file run-v4.csv (CSV, C-alpha atoms)
chain,number,residue,atom,x,y,z
A,1,MET,CA,-41.5,49.9,-25.4
A,2,PHE,CA,-44.4,47.9,-26.7
A,3,ASP,CA,-47.8,49.0,-25.3
A,4,PHE,CA,-50.1,46.0,-25.5
A,5,THR,CA,-53.3,47.9,-24.6
A,6,SER,CA,-53.0,50.6,-27.3
A,7,TRP,CA,-52.0,47.9,-29.9
A,8,TRP,CA,-55.1,45.8,-28.9
A,9,ASN,CA,-57.5,48.8,-29.0
A,10,ASN,CA,-56.3,49.8,-32.5
A,11,LEU,CA,-57.2,46.3,-33.9
A,12,SER,CA,-60.5,45.7,-35.6
A,13,THR,CA,-63.0,43.3,-34.0
A,14,MET,CA,-62.1,40.7,-36.7
A,15,GLN,CA,-58.4,41.0,-36.0
A,16,GLN,CA,-59.0,40.7,-32.2
A,17,ILE,CA,-61.0,37.5,-32.8
A,18,TYR,CA,-58.3,36.0,-35.0
A,19,TRP,CA,-55.6,36.9,-32.5
A,20,LEU,CA,-57.7,35.3,-29.7
A,21,VAL,CA,-57.9,32.1,-31.7
A,22,THR,CA,-54.3,32.2,-33.1
A,23,ILE,CA,-52.3,32.7,-29.9
A,24,PRO,CA,-53.6,29.8,-27.8
A,25,ALA,CA,-53.8,27.5,-30.8
A,26,THR,CA,-50.2,28.2,-31.8
A,27,LEU,CA,-49.0,27.7,-28.2
A,28,LEU,CA,-50.8,24.4,-28.0
A,29,PHE,CA,-49.5,23.4,-31.4
A,30,LEU,CA,-45.9,24.1,-30.4
A,31,ILE,CA,-46.3,22.2,-27.1
A,32,GLN,CA,-47.8,19.3,-29.1
A,33,LEU,CA,-44.9,19.4,-31.6
A,34,VAL,CA,-42.2,19.4,-28.8
A,35,LEU,CA,-44.0,16.6,-27.0
A,36,THR,CA,-44.2,14.6,-30.2
A,37,PHE,CA,-40.5,14.8,-30.7
A,38,ILE,CA,-39.6,13.9,-27.1
A,39,GLY,CA,-42.1,11.0,-27.1
A,40,GLY,CA,-44.8,12.6,-24.9
A,41,ASP,CA,-48.5,13.1,-25.7
A,42,LEU,CA,-50.5,16.2,-25.1
A,43,SER,CA,-53.4,14.3,-23.6
A,44,GLY,CA,-51.8,11.4,-21.8
A,45,ASP,CA,-54.0,8.5,-20.8
A,46,THR,CA,-56.9,10.6,-19.7
A,47,GLY,CA,-59.5,9.3,-22.2
A,48,ASP,CA,-58.3,11.2,-25.3
A,49,ILE,CA,-60.6,10.9,-28.2
A,50,ASP,CA,-57.6,10.2,-30.4
A,51,ALA,CA,-57.1,6.8,-28.7
A,52,ASP,CA,-57.5,3.7,-30.7
A,53,TYR,CA,-59.1,0.7,-29.1
A,54,ASP,CA,-57.9,-2.9,-29.7
A,55,ALA,CA,-61.4,-4.0,-30.6
A,56,ASP,CA,-61.8,-1.2,-33.1
A,57,HIS,CA,-61.0,-2.5,-36.6
A,58,GLY,CA,-62.6,0.5,-38.4
A,59,MET,CA,-61.1,3.1,-40.5
A,60,GLY,CA,-57.6,4.2,-39.5
A,61,PHE,CA,-57.9,7.7,-40.9
A,62,HIS,CA,-59.1,10.0,-38.2
A,63,PHE,CA,-59.9,13.5,-39.5
A,64,ILE,CA,-61.5,15.1,-36.4
A,65,THR,CA,-59.1,14.7,-33.5
A,66,VAL,CA,-57.7,17.0,-30.8
A,67,LYS,CA,-54.4,17.3,-32.5
A,68,ASN,CA,-56.0,18.1,-35.9
A,69,MET,CA,-58.3,20.7,-34.3
A,70,ILE,CA,-55.3,22.4,-32.7
A,71,ALA,CA,-53.5,22.5,-36.1
A,72,PHE,CA,-56.7,23.7,-37.8
A,73,PHE,CA,-57.1,26.7,-35.4
A,74,ALA,CA,-53.4,27.6,-35.6
A,75,LEU,CA,-53.3,27.7,-39.4
A,76,PHE,CA,-56.8,29.2,-39.5
A,77,GLY,CA,-55.7,32.1,-37.3
A,78,TRP,CA,-52.4,32.9,-39.0
A,79,THR,CA,-53.9,32.7,-42.5
A,80,GLY,CA,-56.8,34.9,-41.4
A,81,LEU,CA,-54.5,37.5,-40.0
A,82,ALA,CA,-52.5,37.5,-43.2
A,83,ALA,CA,-55.7,37.8,-45.2
A,84,ILE,CA,-56.8,40.8,-43.1
A,85,ASP,CA,-53.5,42.5,-43.6
A,86,SER,CA,-53.9,42.1,-47.3
A,87,GLY,CA,-57.2,44.0,-47.2
A,88,LEU,CA,-59.6,41.2,-48.4
A,89,ALA,CA,-63.3,41.2,-47.7
A,90,SER,CA,-64.5,39.6,-44.5
A,91,PHE,CA,-66.2,36.6,-46.3
A,92,LEU,CA,-63.0,35.9,-48.3
A,93,ILE,CA,-60.9,36.1,-45.1
A,94,LEU,CA,-63.2,33.5,-43.4
A,95,LEU,CA,-63.2,31.3,-46.5
A,96,ILE,CA,-59.5,31.4,-47.1
A,97,SER,CA,-58.6,30.8,-43.4
A,98,SER,CA,-61.2,27.9,-43.1
A,99,ILE,CA,-59.9,26.2,-46.3
A,100,SER,CA,-56.3,26.6,-45.0
A,101,GLY,CA,-57.2,25.0,-41.7
A,102,LEU,CA,-59.1,22.1,-43.3
A,103,VAL,CA,-56.1,21.5,-45.6
A,104,MET,CA,-53.8,21.4,-42.5
A,105,MET,CA,-56.2,18.9,-40.8
A,106,LEU,CA,-56.1,16.7,-43.9
A,107,ILE,CA,-52.3,16.8,-44.0
A,108,MET,CA,-52.0,15.9,-40.3
A,109,ALA,CA,-54.6,13.2,-40.5
A,110,SER,CA,-52.7,11.7,-43.5
A,111,ILE,CA,-49.4,11.9,-41.7
A,112,TYR,CA,-50.8,10.0,-38.7
A,113,TYR,CA,-52.6,7.5,-40.9
A,114,PHE,CA,-49.5,6.6,-42.9
A,115,MET,CA,-47.3,6.6,-39.7
A,116,SER,CA,-49.7,4.1,-38.2
A,117,LYS,CA,-49.3,1.8,-41.3
A,118,LEU,CA,-45.5,1.6,-40.5
A,119,ASN,CA,-46.3,-0.5,-37.4
A,120,SER,CA,-46.0,-4.2,-37.6
A,121,SER,CA,-47.4,-6.7,-35.1
A,122,GLY,CA,-44.2,-8.7,-34.9
A,123,THR,CA,-46.3,-11.9,-34.8
A,124,LEU,CA,-44.5,-14.8,-36.4
A,125,LYS,CA,-46.6,-16.5,-39.1
A,126,MET,CA,-45.2,-20.0,-39.3
A,127,LYS,CA,-46.4,-20.5,-42.8
A,128,ASN,CA,-43.9,-17.9,-43.9
A,129,ALA,CA,-41.1,-20.4,-43.1
A,130,ILE,CA,-42.2,-22.9,-45.7
A,131,GLY,CA,-39.5,-23.2,-48.4
A,132,LYS,CA,-36.9,-21.5,-46.3
A,133,ILE,CA,-33.4,-22.9,-45.8
A,134,GLY,CA,-31.9,-23.1,-42.3
A,135,ASN,CA,-29.6,-25.2,-40.2
A,136,VAL,CA,-30.2,-27.6,-37.3
A,137,TYR,CA,-29.5,-26.2,-33.9
A,138,ILE,CA,-30.5,-29.3,-31.9
A,139,SER,CA,-30.5,-32.7,-33.6
A,140,ILE,CA,-33.9,-33.8,-34.9
A,141,PRO,CA,-34.9,-37.5,-34.3
A,142,ALA,CA,-35.9,-39.5,-37.4
A,143,LYS,CA,-39.5,-40.5,-38.4
A,144,LYS,CA,-41.2,-37.8,-36.2
A,145,GLY,CA,-39.6,-39.5,-33.2
A,146,GLY,CA,-39.3,-36.2,-31.2
A,147,LEU,CA,-38.5,-32.5,-31.5
A,148,GLY,CA,-35.3,-30.8,-32.4
A,149,LYS,CA,-34.6,-27.2,-33.1
A,150,VAL,CA,-33.6,-25.3,-36.3
A,151,GLN,CA,-32.6,-21.8,-37.1
A,152,VAL,CA,-34.4,-20.2,-40.0
A,153,LYS,CA,-34.5,-16.7,-41.3
A,154,VAL,CA,-38.2,-15.8,-41.3
A,155,GLN,CA,-39.9,-12.4,-41.6
A,156,GLY,CA,-36.6,-10.6,-41.6
A,157,GLY,CA,-35.1,-12.2,-38.5
A,158,LEU,CA,-33.2,-15.4,-37.6
A,159,ARG,CA,-35.6,-17.5,-35.5
A,160,THR,CA,-34.9,-20.7,-33.5
A,161,LEU,CA,-38.0,-22.9,-33.9
A,162,GLU,CA,-39.0,-26.4,-32.9
A,163,ALA,CA,-38.9,-29.0,-35.8
A,164,MET,CA,-39.7,-32.6,-36.7
A,165,THR,CA,-38.7,-34.7,-39.7
A,166,GLU,CA,-40.1,-37.6,-41.7
A,167,GLU,CA,-36.5,-38.6,-42.8
A,168,LEU,CA,-35.4,-42.1,-42.0
A,169,GLU,CA,-32.2,-40.9,-40.2
A,170,ASP,CA,-31.7,-38.3,-37.5
A,171,ILE,CA,-30.7,-34.9,-38.8
A,172,LYS,CA,-27.6,-33.9,-36.9
A,173,THR,CA,-26.7,-30.5,-35.5
A,174,GLY,CA,-25.2,-28.2,-38.1
A,175,SER,CA,-27.0,-29.9,-41.1
A,176,ILE,CA,-28.6,-27.7,-43.7
A,177,ILE,CA,-32.4,-28.2,-43.9
A,178,GLU,CA,-35.4,-27.0,-45.8
A,179,VAL,CA,-38.8,-26.3,-44.3
A,180,ALA,CA,-41.4,-28.5,-46.0
A,181,ASP,CA,-44.5,-27.8,-43.9
A,182,VAL,CA,-45.9,-26.6,-40.6
A,183,ILE,CA,-47.5,-29.0,-38.1
A,184,ASN,CA,-50.3,-27.7,-35.9
A,185,ASP,CA,-49.2,-24.1,-36.6
A,186,GLN,CA,-46.3,-24.5,-34.1
A,187,ILE,CA,-43.8,-27.1,-35.3
A,188,LEU,CA,-41.8,-27.0,-38.6
A,189,LEU,CA,-41.7,-30.2,-40.7
A,190,VAL,CA,-38.2,-30.2,-42.2
A,191,LYS,CA,-36.1,-32.3,-44.6
A,192,LYS,CA,-32.4,-32.3,-45.4
A,193,SER,CA,-31.6,-29.8,-48.1
A,194,ARG,CA,-30.4,-31.5,-51.2
call {"tool": "encode", "arguments": {"input": "run-v4.csv", "output": "structure tokens"}}
result
Amino acid sequence: MFDFTSWWNNLSTMQQIYWLVTIPATLLFLIQLVLTFIGGDLSGDTGDIDADYDADHGMGFHFITVKNMIAFFALFGWTGLAAIDSGLASFLILLISSISGLVMMLIMASIYYFMSKLNSSGTLKMKNAIGKIGNVYISIPAKKGGLGKVQVKVQGGLRTLEAMTEELEDIKTGSIIEVADVINDQILLVKKSR
């Protein structure tokens, strides 16, 4: 049977320090990893320093965060223990474990940075509809006499948008149209597609 007390007493001071750092950091890292995969967050909404604020338009790359510090200490500890077992000098052990921890922080910060770039706002930019072909959903009165609706594929999705026309005749439901311009950033100006 494993005797923890005798094992602990047989460790050098440096090994004891590294084990004291490694065990809690590794447990927190594993909890953080599991919560990440199930959609949780280690800190919740309790004022985590990792939080981004809507008004903050600064650099999106965050190197010093709670998550990165946990990863630093986990890798720092395991690398340090491996270096101690290989018989390296104390300053080399500290140097190697510190560099390993910093590399881990850099990797994690990069992962979170690039993952944040995958987000899109989903806000429709009406100017992106100019030149697109679509069809009339609700008839459009001639000579800007009122609003109709068109369906146009914009920004990867089919959208139903309000439209007007300068054509001399109404554009009937089912007609093929082309978006010529945008009026007041809200209404499409369309014409019959030739």
call {"tool": "closest_atom_pairs", "arguments": {"input": "run-v4.csv", "of": "range 114-179 of chain A", "to": "range 187-190 of chain A", "cutoff": "7 Å", "atoms": "only C-alpha atoms", "output": "tab-separated table"}}
result
residue	atom	partner	partner_atom	distance
A:Glu162	CA	A:Ile187	CA	5.4
A:Ala163	CA	A:Leu188	CA	4.5
A:Met164	CA	A:Leu189	CA	5.1
A:Thr165	CA	A:Val190	CA	5.2
A:Ile177	CA	A:Val190	CA	6.4
A:Glu178	CA	A:Val190	CA	5.6
A:Val179	CA	A:Val190	CA	4.5
call {"tool": "closest_residue", "arguments": {"input": "run-v4.csv", "among": "A:Asn68, A:Ser193, A:Ser90, A:Gln15", "to": "Ser175 in chain A", "atoms": "all atoms listed in the file"}}
result
A:Ser193
call {"tool": "atom_distance", "arguments": {"input": "run-v4.csv", "atom1": "CA of Ala180 in chain A", "atom2": "CA of Ala129 in chain A"}}
result
8.6 Å
call {"tool": "residues_around", "arguments": {"input": "run-v4.csv", "residues": "Leu94 in chain A", "least_positions_apart": "2", "cutoff": "12 Å", "atoms": "only C-alpha atoms", "output": "list of chain:residue names"}}
result
A:Met14, A:Gln15, A:Ile17, A:Tyr18, A:Phe76, A:Gly77, A:Trp78, A:Thr79, A:Gly80, A:Leu81, A:Ala82, A:Ala83, A:Ile84, A:Leu88, A:Ala89, A:Ser90, A:Phe91, A:Leu92, A:Ile96, A:Ser97, A:Ser98, A:Ile99, A:Ser100, A:Gly101
call {"tool": "write_last_selection", "arguments": {"input": "run-v4.csv", "atoms": "C-alpha atoms", "output": "PDB file, in the frame of the given file"}}
result
ATOM      1  CA  MET A  14     -62.100  40.700 -36.700  1.00  0.00           C
ATOM      2  CA  GLN A  15     -58.400  41.000 -36.000  1.00  0.00           C
ATOM      3  CA  ILE A  17     -61.000  37.500 -32.800  1.00  0.00           C
ATOM      4  CA  TYR A  18     -58.300  36.000 -35.000  1.00  0.00           C
ATOM      5  CA  PHE A  76     -56.800  29.200 -39.500  1.00  0.00           C
ATOM      6  CA  GLY A  77     -55.700  32.100 -37.300  1.00  0.00           C
ATOM      7  CA  TRP A  78     -52.400  32.900 -39.000  1.00  0.00           C
ATOM      8  CA  THR A  79     -53.900  32.700 -42.500  1.00  0.00           C
ATOM      9  CA  GLY A  80     -56.800  34.900 -41.400  1.00  0.00           C
ATOM     10  CA  LEU A  81     -54.500  37.500 -40.000  1.00  0.00           C
ATOM     11  CA  ALA A  82     -52.500  37.500 -43.200  1.00  0.00           C
ATOM     12  CA  ALA A  83     -55.700  37.800 -45.200  1.00  0.00           C
ATOM     13  CA  ILE A  84     -56.800  40.800 -43.100  1.00  0.00           C
ATOM     14  CA  LEU A  88     -59.600  41.200 -48.400  1.00  0.00           C
ATOM     15  CA  ALA A  89     -63.300  41.200 -47.700  1.00  0.00           C
ATOM     16  CA  SER A  90     -64.500  39.600 -44.500  1.00  0.00           C
ATOM     17  CA  PHE A  91     -66.200  36.600 -46.300  1.00  0.00           C
ATOM     18  CA  LEU A  92     -63.000  35.900 -48.300  1.00  0.00           C
ATOM     19  CA  ILE A  96     -59.500  31.400 -47.100  1.00  0.00           C
ATOM     20  CA  SER A  97     -58.600  30.800 -43.400  1.00  0.00           C
ATOM     21  CA  SER A  98     -61.200  27.900 -43.100  1.00  0.00           C
ATOM     22  CA  ILE A  99     -59.900  26.200 -46.300  1.00  0.00           C
ATOM     23  CA  SER A 100     -56.300  26.600 -45.000  1.00  0.00           C
ATOM     24  CA  GLY A 101     -57.200  25.000 -41.700  1.00  0.00           C
TER      25      GLY A 101
END
call {"tool": "atom_distance", "arguments": {"input": "run-v4.csv", "atom1": "CA of Asn184 in chain A", "atom2": "CA of Arg159 in chain A"}}
result
17.9 Å
call {"tool": "atom_distance", "arguments": {"input": "run-v4.csv", "atom1": "CA of Gln151 in chain A", "atom2": "CA of Arg194 in chain A"}}
result
17.3 Å
call {"tool": "closest_residue", "arguments": {"input": "run-v4.csv", "among": "A:Ala109, A:Phe2, A:Gln155, A:Asn9", "to": "Met126 in chain A", "atoms": "all atoms listed in the file"}}
result
A:Gln155
call {"tool": "closest_residue", "arguments": {"input": "run-v4.csv", "among": "A:Lys172, A:Lys132, A:Lys191, A:His62", "to": "Val154 in chain A", "atoms": "only C-alpha atoms"}}
result
A:Lys132
call {"tool": "closest_residue", "arguments": {"input": "run-v4.csv", "among": "A:Phe63, A:Gly145, A:Leu33, A:Gly156", "to": "Thr123 in chain A", "atoms": "all atoms listed in the file"}}
result
A:Gly156
